[in-house]
Amino acid sequence: MMAEGGSGRGRSVYVSDGVDDGDGRASGGDDGSATAPLIAARVGRIPPNPFAAADARVAAAIAGGLDVIDLSKGNPDGEPPRFMVDAAVGATRDPANFRYPAFDGKPAFLDAVAGWYGREHGVRLDPATQILAVSGASVGISVTIEALIDDGDLVVLVGPYYPQYEGSTAVAGGRIHVVPTDADHDFLPDLDAVPAAVWDEAKLLILNYPNNPTGAAATRELFATAVRIAHRHHLVVVNDFAYAGIGFDETPPLSLLSVPGSEDVAVELCSLSKMYMVAGWRGGFVAGEPTVMKAIKTVHRQTSLLVTTTVQDAGAAGLNSDQSTVRVLARRYRHRYETLRDGLSAAGLHLETARGGLFAWMRAPDGWSDAEFSDWLLHKAQVAVIPGSDFGPTGAGHVRLSLLVPSAVLAKASERIAAARGEAW
């Protein structure tokens, strides 16, 4: 990894070069054991999982006697709609579900996805050629990157970014170019400021709106710009739409596939987990341009488990519903964000404006690094968060807080921070 120079909007600030320590061995690949030389070089290129590290920090703090309020997790805290639970229970009794499902998804599930896109976003999709059922958006991310990226290929990310984009690119042997964002521009990138030479080299642009970790929401102008660039420079644009439906404004979050011209260059990833509170069920889908989808399906058939039949039936019930339960969730998360925002303001801290998703993004106090501030919050206020640098170098100076606990718990976390503050900032 090396600095690419500059941190202004639209310029690359970070590149993962996909190589090793300079001696032909992957970083971390030689632990002195007899099997170390047999480990694939790609393993040494894979960055550590920051969420696993966060879990370990919280576990150590609890083991040390701290009463931790854990705002580091992205694990939904509620229950799915009753009608989805009933659909899942009923599906377990269906003899057809005792067998393996179709490779690309059960027809009823694929039809439900197509119907959801049509009703919610005005998008027409062919279930047979444009939709794939996957065991969560994370699987969709990995198979999409593996279908498009060869050794040395360039992936453009918008920073701060969900860590798996970098990790899956490393597995594929690709490189990354990061386009930074900032609060002054609502954490949206200026894609037109990226040099044309970068776009000419890139094969893939990954967007994520509503955004994790910043809570930013895409504008139609941003998506239209991405589609125009994809056409002009012959690349694929992906939107990780894991937080579809979870918007804080009157206008629901936009689908990339609703933008004219996207049908030729775009793919979108969706998750059932966040819309319907079924993270443990592991369900989602990928949808978009047929040629890219054919390649993604080819990779998926060889590398991934098929989505459980009962999950597909329950997911179809959710997608075929009127989405009123999703709108209730969106209002709940907005209220939680506002509770946290107001509580932390009393502690002299500022949440960035969020327009959707499950997280809040907060600047560290002046003079603090995000790692230092995260450590202080854990050990002094007994509140666990994720350092912003875990979301790439452009996340430095911020921390991410989860909205996946009740408002009363968020208020208590704010009170703890205010009480522990003293003269710390």
# chains A, B, ... in the order shown; residues from 1 in each chain; ligands from 1
>>> residues_around(residues="A:Gly397", least_positions_apart="3", cutoff="7 Å", atoms="only C-alpha atoms", output="PyMOL selection string")
chain A and resi 363-364+369-370+388
>>> write_last_selection(atoms="N, CA and C atoms", output="mmCIF file, in the first residue's frame")
data_model
loop_
_atom_site.group_PDB
_atom_site.id
_atom_site.type_symbol
_atom_site.label_atom_id
_atom_site.label_comp_id
_atom_site.auth_asym_id
_atom_site.auth_seq_id
_atom_site.Cartn_x
_atom_site.Cartn_y
_atom_site.Cartn_z
ATOM 1 N N ARG A 363 -16.853 13.234 13.906
ATOM 2 C CA ARG A 363 -15.495 13.750 13.959
ATOM 3 C C ARG A 363 -14.905 13.532 15.339
ATOM 4 N N ALA A 364 -13.651 13.125 15.397
ATOM 5 C CA ALA A 364 -12.931 13.075 16.664
ATOM 6 C C ALA A 364 -12.619 14.502 17.108
ATOM 7 N N SER A 369 -6.436 11.498 17.186
ATOM 8 C CA SER A 369 -6.607 10.576 16.066
ATOM 9 C C SER A 369 -7.841 9.725 16.328
ATOM 10 N N ASP A 370 -8.370 9.124 15.274
ATOM 11 C CA ASP A 370 -9.550 8.284 15.463
ATOM 12 C C ASP A 370 -9.239 7.067 16.331
ATOM 13 N N GLY A 388 -12.444 5.456 12.300
ATOM 14 C CA GLY A 388 -12.719 5.759 10.899
ATOM 15 C C GLY A 388 -11.683 5.230 9.937
#
>>> residues_around(residues="A:Trp376", least_positions_apart="4", cutoff="12 Å", atoms="only C-alpha atoms", output="PDB file with N, CA and C atoms, in the first residue's frame")
ATOM      1  N   ALA A  61     -12.243  -5.844  26.819  1.00  0.00           N
ATOM      2  CA  ALA A  61     -12.688  -4.831  27.780  1.00  0.00           C
ATOM      3  C   ALA A  61     -13.706  -5.412  28.756  1.00  0.00           C
ATOM      4  N   ALA A 364     -13.651  13.125  15.397  1.00  0.00           N
ATOM      5  CA  ALA A 364     -12.931  13.075  16.664  1.00  0.00           C
ATOM      6  C   ALA A 364     -12.619  14.502  17.108  1.00  0.00           C
ATOM      7  N   PRO A 365     -12.462  14.740  18.412  1.00  0.00           N
ATOM      8  CA  PRO A 365     -12.105  16.090  18.874  1.00  0.00           C
ATOM      9  C   PRO A 365     -10.785  16.552  18.267  1.00  0.00           C
ATOM     10  N   TRP A 368      -7.059  14.808  18.300  1.00  0.00           N
ATOM     11  CA  TRP A 368      -7.146  13.368  18.558  1.00  0.00           C
ATOM     12  C   TRP A 368      -7.139  12.612  17.225  1.00  0.00           C
ATOM     13  N   SER A 369      -6.436  11.498  17.186  1.00  0.00           N
ATOM     14  CA  SER A 369      -6.607  10.576  16.066  1.00  0.00           C
ATOM     15  C   SER A 369      -7.841   9.725  16.328  1.00  0.00           C
ATOM     16  N   ASP A 370      -8.370   9.124  15.274  1.00  0.00           N
ATOM     17  CA  ASP A 370      -9.550   8.284  15.463  1.00  0.00           C
ATOM     18  C   ASP A 370      -9.239   7.067  16.331  1.00  0.00           C
ATOM     19  N   ALA A 371      -8.033   6.521  16.223  1.00  0.00           N
ATOM     20  CA  ALA A 371      -7.659   5.379  17.057  1.00  0.00           C
ATOM     21  C   ALA A 371      -7.580   5.780  18.530  1.00  0.00           C
ATOM     22  N   GLU A 372      -6.976   6.939  18.799  1.00  0.00           N
ATOM     23  CA  GLU A 372      -6.879   7.417  20.182  1.00  0.00           C
ATOM     24  C   GLU A 372      -8.260   7.674  20.773  1.00  0.00           C
ATOM     25  N   LYS A 380     -12.561   4.854  28.909  1.00  0.00           N
ATOM     26  CA  LYS A 380     -12.964   5.913  29.826  1.00  0.00           C
ATOM     27  C   LYS A 380     -14.484   6.048  29.922  1.00  0.00           C
ATOM     28  N   ALA A 381     -15.158   5.966  28.778  1.00  0.00           N
ATOM     29  CA  ALA A 381     -16.614   6.100  28.781  1.00  0.00           C
ATOM     30  C   ALA A 381     -17.320   4.753  28.674  1.00  0.00           C
ATOM     31  N   GLN A 382     -16.574   3.698  28.395  1.00  0.00           N
ATOM     32  CA  GLN A 382     -17.114   2.346  28.248  1.00  0.00           C
ATOM     33  C   GLN A 382     -18.151   2.284  27.116  1.00  0.00           C
ATOM     34  N   VAL A 383     -17.806   2.958  26.023  1.00  0.00           N
ATOM     35  CA  VAL A 383     -18.612   2.935  24.806  1.00  0.00           C
ATOM     36  C   VAL A 383     -17.705   2.503  23.658  1.00  0.00           C
ATOM     37  N   ALA A 384     -18.077   1.436  22.956  1.00  0.00           N
ATOM     38  CA  ALA A 384     -17.252   0.906  21.868  1.00  0.00           C
ATOM     39  C   ALA A 384     -17.724   1.451  20.528  1.00  0.00           C
ATOM     40  N   VAL A 385     -16.775   1.941  19.716  1.00  0.00           N
ATOM     41  CA  VAL A 385     -17.044   2.426  18.364  1.00  0.00           C
ATOM     42  C   VAL A 385     -15.978   1.843  17.441  1.00  0.00           C
ATOM     43  N   ILE A 386     -16.072   2.159  16.150  1.00  0.00           N
ATOM     44  CA  ILE A 386     -15.077   1.721  15.162  1.00  0.00           C
ATOM     45  C   ILE A 386     -14.269   2.932  14.706  1.00  0.00           C
ATOM     46  N   PRO A 387     -12.929   2.872  14.724  1.00  0.00           N
ATOM     47  CA  PRO A 387     -12.126   3.987  14.207  1.00  0.00           C
ATOM     48  C   PRO A 387     -12.389   4.201  12.713  1.00  0.00           C
ATOM     49  N   VAL A 399     -15.018   8.555  13.732  1.00  0.00           N
ATOM     50  CA  VAL A 399     -15.385   7.240  14.249  1.00  0.00           C
ATOM     51  C   VAL A 399     -16.804   6.927  13.786  1.00  0.00           C
ATOM     52  N   ARG A 416     -22.777   8.823  29.243  1.00  0.00           N
ATOM     53  CA  ARG A 416     -21.493   8.309  29.713  1.00  0.00           C
ATOM     54  C   ARG A 416     -20.328   9.133  29.147  1.00  0.00           C
ATOM     55  N   ILE A 417     -20.425   9.439  27.872  1.00  0.00           N
ATOM     56  CA  ILE A 417     -19.347  10.187  27.225  1.00  0.00           C
ATOM     57  C   ILE A 417     -19.266  11.591  27.818  1.00  0.00           C
ATOM     58  N   ALA A 420     -17.743  11.424  31.290  1.00  0.00           N
ATOM     59  CA  ALA A 420     -16.309  11.072  31.320  1.00  0.00           C
ATOM     60  C   ALA A 420     -15.435  12.155  30.721  1.00  0.00           C
ATOM     61  N   ARG A 421     -16.041  13.085  30.001  1.00  0.00           N
ATOM     62  CA  ARG A 421     -15.280  14.060  29.213  1.00  0.00           C
ATOM     63  C   ARG A 421     -14.298  14.864  30.054  1.00  0.00           C
ATOM     64  N   ALA A 424     -11.018  16.580  28.716  1.00  0.00           N
ATOM     65  CA  ALA A 424     -10.345  15.812  27.667  1.00  0.00           C
ATOM     66  C   ALA A 424     -10.332  16.537  26.332  1.00  0.00           C
ATOM     67  N   TRP A 425     -11.382  17.327  26.049  1.00  0.00           N
ATOM     68  CA  TRP A 425     -11.403  18.153  24.823  1.00  0.00           C
ATOM     69  C   TRP A 425     -12.263  19.383  25.046  1.00  0.00           C
TER      70      TRP A 425
END
>>> closest_residue(among="A:Tyr162, A:Trp281, A:Phe103, A:Tyr117", to="A:His300", atoms="only C-alpha atoms")
A:Phe103
>>> closest_atom_pairs(of="stretch 253-297 of chain A", to="stretch 73-92 of chain A", cutoff="9 Å", atoms="only C-alpha atoms", output="CSV")
residue,atom,partner,partner_atom,distance
A:Ser273,CA,A:Pro76,CA,7.8
A:Lys274,CA,A:Pro76,CA,6.9
A:Met275,CA,A:Pro80,CA,8.9
A:Tyr276,CA,A:Pro80,CA,5.3
A:Met277,CA,A:Pro80,CA,4.8
A:Val278,CA,A:Pro80,CA,6.0
A:Ala279,CA,A:Pro76,CA,6.8
>>> select_by_dssp(residues="stretch 97-158 of chain A", states="alpha helix (DSSP H)", output="mmCIF file with all heavy atoms, in the first residue's frame")
data_model
loop_
_atom_site.group_PDB
_atom_site.id
_atom_site.type_symbol
_atom_site.label_atom_id
_atom_site.label_comp_id
_atom_site.auth_asym_id
_atom_site.auth_seq_id
_atom_site.Cartn_x
_atom_site.Cartn_y
_atom_site.Cartn_z
ATOM 1 N N PRO A 107 -37.394 -19.587 -8.787
ATOM 2 C CA PRO A 107 -38.138 -18.669 -9.662
ATOM 3 C C PRO A 107 -39.038 -17.704 -8.898
ATOM 4 O O PRO A 107 -39.129 -16.523 -9.257
ATOM 5 C CB PRO A 107 -38.942 -19.619 -10.550
ATOM 6 C CG PRO A 107 -38.095 -20.854 -10.623
ATOM 7 C CD PRO A 107 -37.479 -20.986 -9.258
ATOM 8 N N ALA A 108 -39.685 -18.177 -7.837
ATOM 9 C CA ALA A 108 -40.576 -17.299 -7.077
ATOM 10 C C ALA A 108 -39.805 -16.163 -6.417
ATOM 11 O O ALA A 108 -40.298 -15.031 -6.316
ATOM 12 C CB ALA A 108 -41.340 -18.097 -6.021
ATOM 13 N N PHE A 109 -38.574 -16.436 -5.958
ATOM 14 C CA PHE A 109 -37.760 -15.387 -5.345
ATOM 15 C C PHE A 109 -37.293 -14.389 -6.400
ATOM 16 O O PHE A 109 -37.360 -13.175 -6.193
ATOM 17 C CB PHE A 109 -36.562 -16.005 -4.631
ATOM 18 C CG PHE A 109 -35.656 -14.978 -3.986
ATOM 19 C CD1 PHE A 109 -36.021 -14.371 -2.797
ATOM 20 C CD2 PHE A 109 -34.450 -14.623 -4.564
ATOM 21 C CE1 PHE A 109 -35.206 -13.420 -2.192
ATOM 22 C CE2 PHE A 109 -33.620 -13.676 -3.979
ATOM 23 C CZ PHE A 109 -34.005 -13.075 -2.790
ATOM 24 N N LEU A 110 -36.818 -14.899 -7.533
ATOM 25 C CA LEU A 110 -36.361 -14.006 -8.598
ATOM 26 C C LEU A 110 -37.500 -13.128 -9.108
ATOM 27 O O LEU A 110 -37.311 -11.933 -9.372
ATOM 28 C CB LEU A 110 -35.765 -14.830 -9.740
ATOM 29 C CG LEU A 110 -34.582 -15.734 -9.367
ATOM 30 C CD1 LEU A 110 -34.093 -16.498 -10.599
ATOM 31 C CD2 LEU A 110 -33.451 -14.948 -8.745
ATOM 32 N N ASP A 111 -38.692 -13.703 -9.212
ATOM 33 C CA ASP A 111 -39.856 -12.910 -9.622
ATOM 34 C C ASP A 111 -40.175 -11.838 -8.579
ATOM 35 O O ASP A 111 -40.571 -10.705 -8.924
ATOM 36 C CB ASP A 111 -41.076 -13.815 -9.821
ATOM 37 C CG ASP A 111 -40.979 -14.675 -11.066
ATOM 38 O OD1 ASP A 111 -40.151 -14.360 -11.950
ATOM 39 O OD2 ASP A 111 -41.735 -15.662 -11.157
ATOM 40 N N ALA A 112 -40.002 -12.182 -7.306
ATOM 41 C CA ALA A 112 -40.276 -11.210 -6.243
ATOM 42 C C ALA A 112 -39.287 -10.047 -6.308
ATOM 43 O O ALA A 112 -39.662 -8.890 -6.090
ATOM 44 C CB ALA A 112 -40.214 -11.889 -4.881
ATOM 45 N N VAL A 113 -38.021 -10.349 -6.595
ATOM 46 C CA VAL A 113 -37.023 -9.289 -6.751
ATOM 47 C C VAL A 113 -37.415 -8.372 -7.906
ATOM 48 O O VAL A 113 -37.394 -7.133 -7.775
ATOM 49 C CB VAL A 113 -35.624 -9.877 -6.989
ATOM 50 C CG1 VAL A 113 -34.627 -8.766 -7.323
ATOM 51 C CG2 VAL A 113 -35.151 -10.666 -5.778
ATOM 52 N N ALA A 114 -37.773 -8.972 -9.034
ATOM 53 C CA ALA A 114 -38.165 -8.170 -10.197
ATOM 54 C C ALA A 114 -39.387 -7.310 -9.879
ATOM 55 O O ALA A 114 -39.456 -6.134 -10.266
ATOM 56 C CB ALA A 114 -38.438 -9.073 -11.388
ATOM 57 N N GLY A 115 -40.343 -7.887 -9.166
ATOM 58 C CA GLY A 115 -41.532 -7.123 -8.798
ATOM 59 C C GLY A 115 -41.206 -5.970 -7.862
ATOM 60 O O GLY A 115 -41.757 -4.867 -7.999
ATOM 61 N N TRP A 116 -40.306 -6.203 -6.908
ATOM 62 C CA TRP A 116 -39.872 -5.149 -5.976
ATOM 63 C C TRP A 116 -39.208 -4.010 -6.732
ATOM 64 O O TRP A 116 -39.517 -2.833 -6.485
ATOM 65 C CB TRP A 116 -38.921 -5.761 -4.957
ATOM 66 C CG TRP A 116 -38.316 -4.794 -3.995
ATOM 67 C CD1 TRP A 116 -38.877 -4.311 -2.850
ATOM 68 C CD2 TRP A 116 -37.004 -4.212 -4.069
ATOM 69 N NE1 TRP A 116 -37.996 -3.463 -2.204
ATOM 70 C CE2 TRP A 116 -36.849 -3.381 -2.930
ATOM 71 C CE3 TRP A 116 -35.949 -4.322 -4.979
ATOM 72 C CZ2 TRP A 116 -35.675 -2.658 -2.693
ATOM 73 C CZ3 TRP A 116 -34.779 -3.605 -4.737
ATOM 74 C CH2 TRP A 116 -34.650 -2.779 -3.611
ATOM 75 N N TYR A 117 -38.327 -4.329 -7.663
ATOM 76 C CA TYR A 117 -37.677 -3.283 -8.458
ATOM 77 C C TYR A 117 -38.704 -2.484 -9.262
ATOM 78 O O TYR A 117 -38.616 -1.257 -9.375
ATOM 79 C CB TYR A 117 -36.642 -3.889 -9.401
ATOM 80 C CG TYR A 117 -35.235 -3.815 -8.878
ATOM 81 C CD1 TYR A 117 -34.544 -4.962 -8.515
ATOM 82 C CD2 TYR A 117 -34.567 -2.598 -8.756
ATOM 83 C CE1 TYR A 117 -33.234 -4.896 -8.030
ATOM 84 C CE2 TYR A 117 -33.276 -2.520 -8.281
ATOM 85 C CZ TYR A 117 -32.609 -3.666 -7.919
ATOM 86 O OH TYR A 117 -31.334 -3.587 -7.444
ATOM 87 N N GLY A 118 -39.673 -3.180 -9.818
ATOM 88 C CA GLY A 118 -40.675 -2.487 -10.617
ATOM 89 C C GLY A 118 -41.529 -1.539 -9.787
ATOM 90 O O GLY A 118 -41.763 -0.388 -10.168
ATOM 91 N N ARG A 119 -42.014 -2.029 -8.643
ATOM 92 C CA ARG A 119 -42.913 -1.215 -7.818
ATOM 93 C C ARG A 119 -42.172 -0.087 -7.091
ATOM 94 O O ARG A 119 -42.661 1.039 -7.007
ATOM 95 C CB ARG A 119 -43.623 -2.096 -6.790
ATOM 96 C CG ARG A 119 -44.621 -3.074 -7.366
ATOM 97 C CD ARG A 119 -45.387 -3.787 -6.259
ATOM 98 N NE ARG A 119 -44.483 -4.478 -5.329
ATOM 99 C CZ ARG A 119 -44.008 -5.703 -5.517
ATOM 100 N NH1 ARG A 119 -44.351 -6.385 -6.618
ATOM 101 N NH2 ARG A 119 -43.222 -6.267 -4.627
ATOM 102 N N GLU A 120 -41.008 -0.398 -6.534
ATOM 103 C CA GLU A 120 -40.305 0.561 -5.690
ATOM 104 C C GLU A 120 -39.430 1.531 -6.473
ATOM 105 O O GLU A 120 -39.183 2.652 -6.025
ATOM 106 C CB GLU A 120 -39.447 -0.190 -4.659
ATOM 107 C CG GLU A 120 -40.239 -1.031 -3.685
ATOM 108 C CD GLU A 120 -41.185 -0.207 -2.836
ATOM 109 O OE1 GLU A 120 -40.732 0.805 -2.263
ATOM 110 O OE2 GLU A 120 -42.380 -0.581 -2.758
ATOM 111 N N HIS A 121 -38.929 1.095 -7.631
ATOM 112 C CA HIS A 121 -37.939 1.913 -8.333
ATOM 113 C C HIS A 121 -38.236 2.135 -9.813
ATOM 114 O O HIS A 121 -37.453 2.791 -10.497
ATOM 115 C CB HIS A 121 -36.555 1.269 -8.182
ATOM 116 C CG HIS A 121 -36.144 1.111 -6.745
ATOM 117 N ND1 HIS A 121 -35.814 2.181 -5.951
ATOM 118 C CD2 HIS A 121 -36.057 -0.001 -5.960
ATOM 119 C CE1 HIS A 121 -35.507 1.747 -4.735
ATOM 120 N NE2 HIS A 121 -35.656 0.436 -4.705
ATOM 121 N N PRO A 127 -36.081 -11.699 -14.768
ATOM 122 C CA PRO A 127 -35.608 -12.555 -13.683
ATOM 123 C C PRO A 127 -34.605 -13.619 -14.138
ATOM 124 O O PRO A 127 -33.709 -13.999 -13.375
ATOM 125 C CB PRO A 127 -36.888 -13.205 -13.156
ATOM 126 C CG PRO A 127 -37.980 -12.254 -13.535
ATOM 127 C CD PRO A 127 -37.544 -11.676 -14.857
ATOM 128 N N ALA A 128 -34.731 -14.089 -15.363
ATOM 129 C CA ALA A 128 -33.879 -15.176 -15.831
ATOM 130 C C ALA A 128 -32.461 -14.722 -16.150
ATOM 131 O O ALA A 128 -31.512 -15.484 -15.959
ATOM 132 C CB ALA A 128 -34.502 -15.830 -17.060
ATOM 133 N N THR A 129 -32.293 -13.511 -16.635
ATOM 134 C CA THR A 129 -30.969 -13.079 -17.103
ATOM 135 C C THR A 129 -30.354 -11.938 -16.297
ATOM 136 O O THR A 129 -29.171 -11.643 -16.461
ATOM 137 C CB THR A 129 -31.043 -12.621 -18.576
ATOM 138 O OG1 THR A 129 -31.917 -11.477 -18.675
ATOM 139 C CG2 THR A 129 -31.565 -13.738 -19.468
ATOM 140 N N GLN A 130 -31.141 -11.296 -15.423
ATOM 141 C CA GLN A 130 -30.644 -10.092 -14.769
ATOM 142 C C GLN A 130 -30.643 -10.148 -13.246
ATOM 143 O O GLN A 130 -30.312 -9.152 -12.602
ATOM 144 C CB GLN A 130 -31.473 -8.880 -15.215
ATOM 145 C CG GLN A 130 -31.273 -8.506 -16.672
ATOM 146 C CD GLN A 130 -31.993 -7.222 -17.025
ATOM 147 O OE1 GLN A 130 -33.176 -7.233 -17.362
ATOM 148 N NE2 GLN A 130 -31.279 -6.106 -16.926
ATOM 149 N N ALA A 137 -25.386 -9.632 0.843
ATOM 150 C CA ALA A 137 -24.689 -8.704 -0.044
ATOM 151 C C ALA A 137 -23.188 -8.942 -0.048
ATOM 152 O O ALA A 137 -22.514 -8.675 -1.050
ATOM 153 C CB ALA A 137 -24.999 -7.268 0.371
ATOM 154 N N SER A 138 -22.633 -9.456 1.059
ATOM 155 C CA SER A 138 -21.194 -9.716 1.101
ATOM 156 C C SER A 138 -20.775 -10.729 0.044
ATOM 157 O O SER A 138 -19.719 -10.587 -0.584
ATOM 158 C CB SER A 138 -20.782 -10.208 2.491
ATOM 159 O OG SER A 138 -20.939 -9.200 3.457
ATOM 160 N N VAL A 139 -21.598 -11.757 -0.149
ATOM 161 C CA VAL A 139 -21.316 -12.722 -1.214
ATOM 162 C C VAL A 139 -21.420 -12.040 -2.562
ATOM 163 O O VAL A 139 -20.603 -12.263 -3.463
ATOM 164 C CB VAL A 139 -22.274 -13.923 -1.136
ATOM 165 C CG1 VAL A 139 -22.102 -14.840 -2.347
ATOM 166 C CG2 VAL A 139 -22.054 -14.702 0.146
ATOM 167 N N GLY A 140 -22.416 -11.174 -2.709
ATOM 168 C CA GLY A 140 -22.554 -10.428 -3.961
ATOM 169 C C GLY A 140 -21.342 -9.586 -4.265
ATOM 170 O O GLY A 140 -20.888 -9.512 -5.413
ATOM 171 N N ILE A 141 -20.774 -8.941 -3.247
ATOM 172 C CA ILE A 141 -19.567 -8.132 -3.441
ATOM 173 C C ILE A 141 -18.429 -8.996 -3.949
ATOM 174 O O ILE A 141 -17.749 -8.661 -4.929
ATOM 175 C CB ILE A 141 -19.163 -7.447 -2.118
ATOM 176 C CG1 ILE A 141 -20.196 -6.392 -1.718
ATOM 177 C CG2 ILE A 141 -17.777 -6.814 -2.239
ATOM 178 C CD1 ILE A 141 -20.042 -5.903 -0.285
ATOM 179 N N SER A 142 -18.193 -10.120 -3.291
ATOM 180 C CA SER A 142 -17.032 -10.941 -3.653
ATOM 181 C C SER A 142 -17.172 -11.540 -5.041
ATOM 182 O O SER A 142 -16.214 -11.510 -5.835
ATOM 183 C CB SER A 142 -16.811 -12.039 -2.609
ATOM 184 O OG SER A 142 -17.918 -12.921 -2.539
ATOM 185 N N VAL A 143 -18.334 -12.072 -5.384
ATOM 186 C CA VAL A 143 -18.467 -12.711 -6.702
ATOM 187 C C VAL A 143 -18.459 -11.678 -7.821
ATOM 188 O O VAL A 143 -17.981 -11.955 -8.928
ATOM 189 C CB VAL A 143 -19.713 -13.611 -6.788
ATOM 190 C CG1 VAL A 143 -19.602 -14.784 -5.823
ATOM 191 C CG2 VAL A 143 -21.000 -12.837 -6.551
ATOM 192 N N THR A 144 -18.955 -10.483 -7.552
ATOM 193 C CA THR A 144 -18.924 -9.428 -8.569
ATOM 194 C C THR A 144 -17.488 -9.009 -8.856
ATOM 195 O O THR A 144 -17.077 -8.887 -10.023
ATOM 196 C CB THR A 144 -19.754 -8.215 -8.117
ATOM 197 O OG1 THR A 144 -21.120 -8.616 -7.953
ATOM 198 C CG2 THR A 144 -19.679 -7.090 -9.126
ATOM 199 N N ILE A 145 -16.714 -8.785 -7.821
ATOM 200 C CA ILE A 145 -15.317 -8.401 -8.013
ATOM 201 C C ILE A 145 -14.536 -9.525 -8.688
ATOM 202 O O ILE A 145 -13.751 -9.284 -9.618
ATOM 203 C CB ILE A 145 -14.690 -8.001 -6.663
ATOM 204 C CG1 ILE A 145 -15.296 -6.671 -6.190
ATOM 205 C CG2 ILE A 145 -13.169 -7.889 -6.771
ATOM 206 C CD1 ILE A 145 -14.872 -6.238 -4.810
ATOM 207 N N GLU A 146 -14.753 -10.752 -8.269
ATOM 208 C CA GLU A 146 -14.033 -11.877 -8.881
ATOM 209 C C GLU A 146 -14.415 -12.065 -10.344
ATOM 210 O O GLU A 146 -13.602 -12.526 -11.146
ATOM 211 C CB GLU A 146 -14.315 -13.152 -8.084
ATOM 212 C CG GLU A 146 -13.640 -13.165 -6.719
ATOM 213 C CD GLU A 146 -14.166 -14.259 -5.819
ATOM 214 O OE1 GLU A 146 -14.874 -15.150 -6.331
ATOM 215 O OE2 GLU A 146 -13.892 -14.214 -4.605
ATOM 216 N N ALA A 147 -15.638 -11.695 -10.705
ATOM 217 C CA ALA A 147 -16.075 -11.846 -12.096
ATOM 218 C C ALA A 147 -15.486 -10.784 -13.004
ATOM 219 O O ALA A 147 -15.428 -10.982 -14.231
ATOM 220 C CB ALA A 147 -17.601 -11.799 -12.169
ATOM 221 N N LEU A 148 -15.032 -9.673 -12.443
ATOM 222 C CA LEU A 148 -14.589 -8.551 -13.263
ATOM 223 C C LEU A 148 -13.100 -8.244 -13.166
ATOM 224 O O LEU A 148 -12.537 -7.655 -14.102
ATOM 225 C CB LEU A 148 -15.371 -7.288 -12.866
ATOM 226 C CG LEU A 148 -16.859 -7.285 -13.210
ATOM 227 C CD1 LEU A 148 -17.576 -6.156 -12.482
ATOM 228 C CD2 LEU A 148 -17.059 -7.160 -14.715
#
>>> atom_distance(atom1="atom CA of A:Asp249", atom2="atom CA of A:Ala354")
9.7 Å
>>> select_by_dssp(residues="stretch 140-340 of chain A", states="strand (DSSP E)", output="count of residues only")
35
>>> atom_distance(atom1="atom CA of A:Val123", atom2="atom CA of A:Ala216")
22.7 Å
>>> atom_distance(atom1="atom CA of A:Ala56", atom2="atom CA of A:Gly44")
21.1 Å
>>> closest_residue(among="A:Leu378, A:Met362, A:Thr219, A:Gly283", to="A:Leu66", atoms="only C-alpha atoms")
A:Leu378
>>> residues_around(residues="A:Leu205", least_positions_apart="5", cutoff="7 Å", atoms="only C-alpha atoms", output="VMD selection string")
chain A and resid 155 to 157 236 to 238
>>> write_last_selection(atoms="N, CA and C atoms", output="PDB file, in the first residue's frame")
ATOM      1  N   VAL A 155      -9.672  -0.937  -9.474  1.00  0.00           N
ATOM      2  CA  VAL A 155     -11.018  -0.719  -8.949  1.00  0.00           C
ATOM      3  C   VAL A 155     -11.041   0.658  -8.298  1.00  0.00           C
ATOM      4  N   VAL A 156     -12.016   1.477  -8.653  1.00  0.00           N
ATOM      5  CA  VAL A 156     -12.158   2.805  -8.056  1.00  0.00           C
ATOM      6  C   VAL A 156     -13.174   2.728  -6.923  1.00  0.00           C
ATOM      7  N   LEU A 157     -12.753   3.156  -5.738  1.00  0.00           N
ATOM      8  CA  LEU A 157     -13.609   3.200  -4.555  1.00  0.00           C
ATOM      9  C   LEU A 157     -13.831   4.641  -4.138  1.00  0.00           C
ATOM     10  N   VAL A 236     -17.542  -0.872 -15.541  1.00  0.00           N
ATOM     11  CA  VAL A 236     -18.790  -1.264 -14.889  1.00  0.00           C
ATOM     12  C   VAL A 236     -18.916  -0.471 -13.594  1.00  0.00           C
ATOM     13  N   VAL A 237     -20.129  -0.002 -13.298  1.00  0.00           N
ATOM     14  CA  VAL A 237     -20.382   0.685 -12.040  1.00  0.00           C
ATOM     15  C   VAL A 237     -21.339  -0.163 -11.209  1.00  0.00           C
ATOM     16  N   VAL A 238     -20.987  -0.332  -9.938  1.00  0.00           N
ATOM     17  CA  VAL A 238     -21.775  -1.136  -9.000  1.00  0.00           C
ATOM     18  C   VAL A 238     -22.249  -0.239  -7.864  1.00  0.00           C
TER      19      VAL A 238
END
>>> residues_around(residues="stretch 327-340 of chain A", least_positions_apart="2", cutoff="10 Å", atoms="only C-alpha atoms", output="PyMOL selection string")
chain A and resi 78+243-249+252+274-277+322-325+342-345+350-351+353-360+401-415
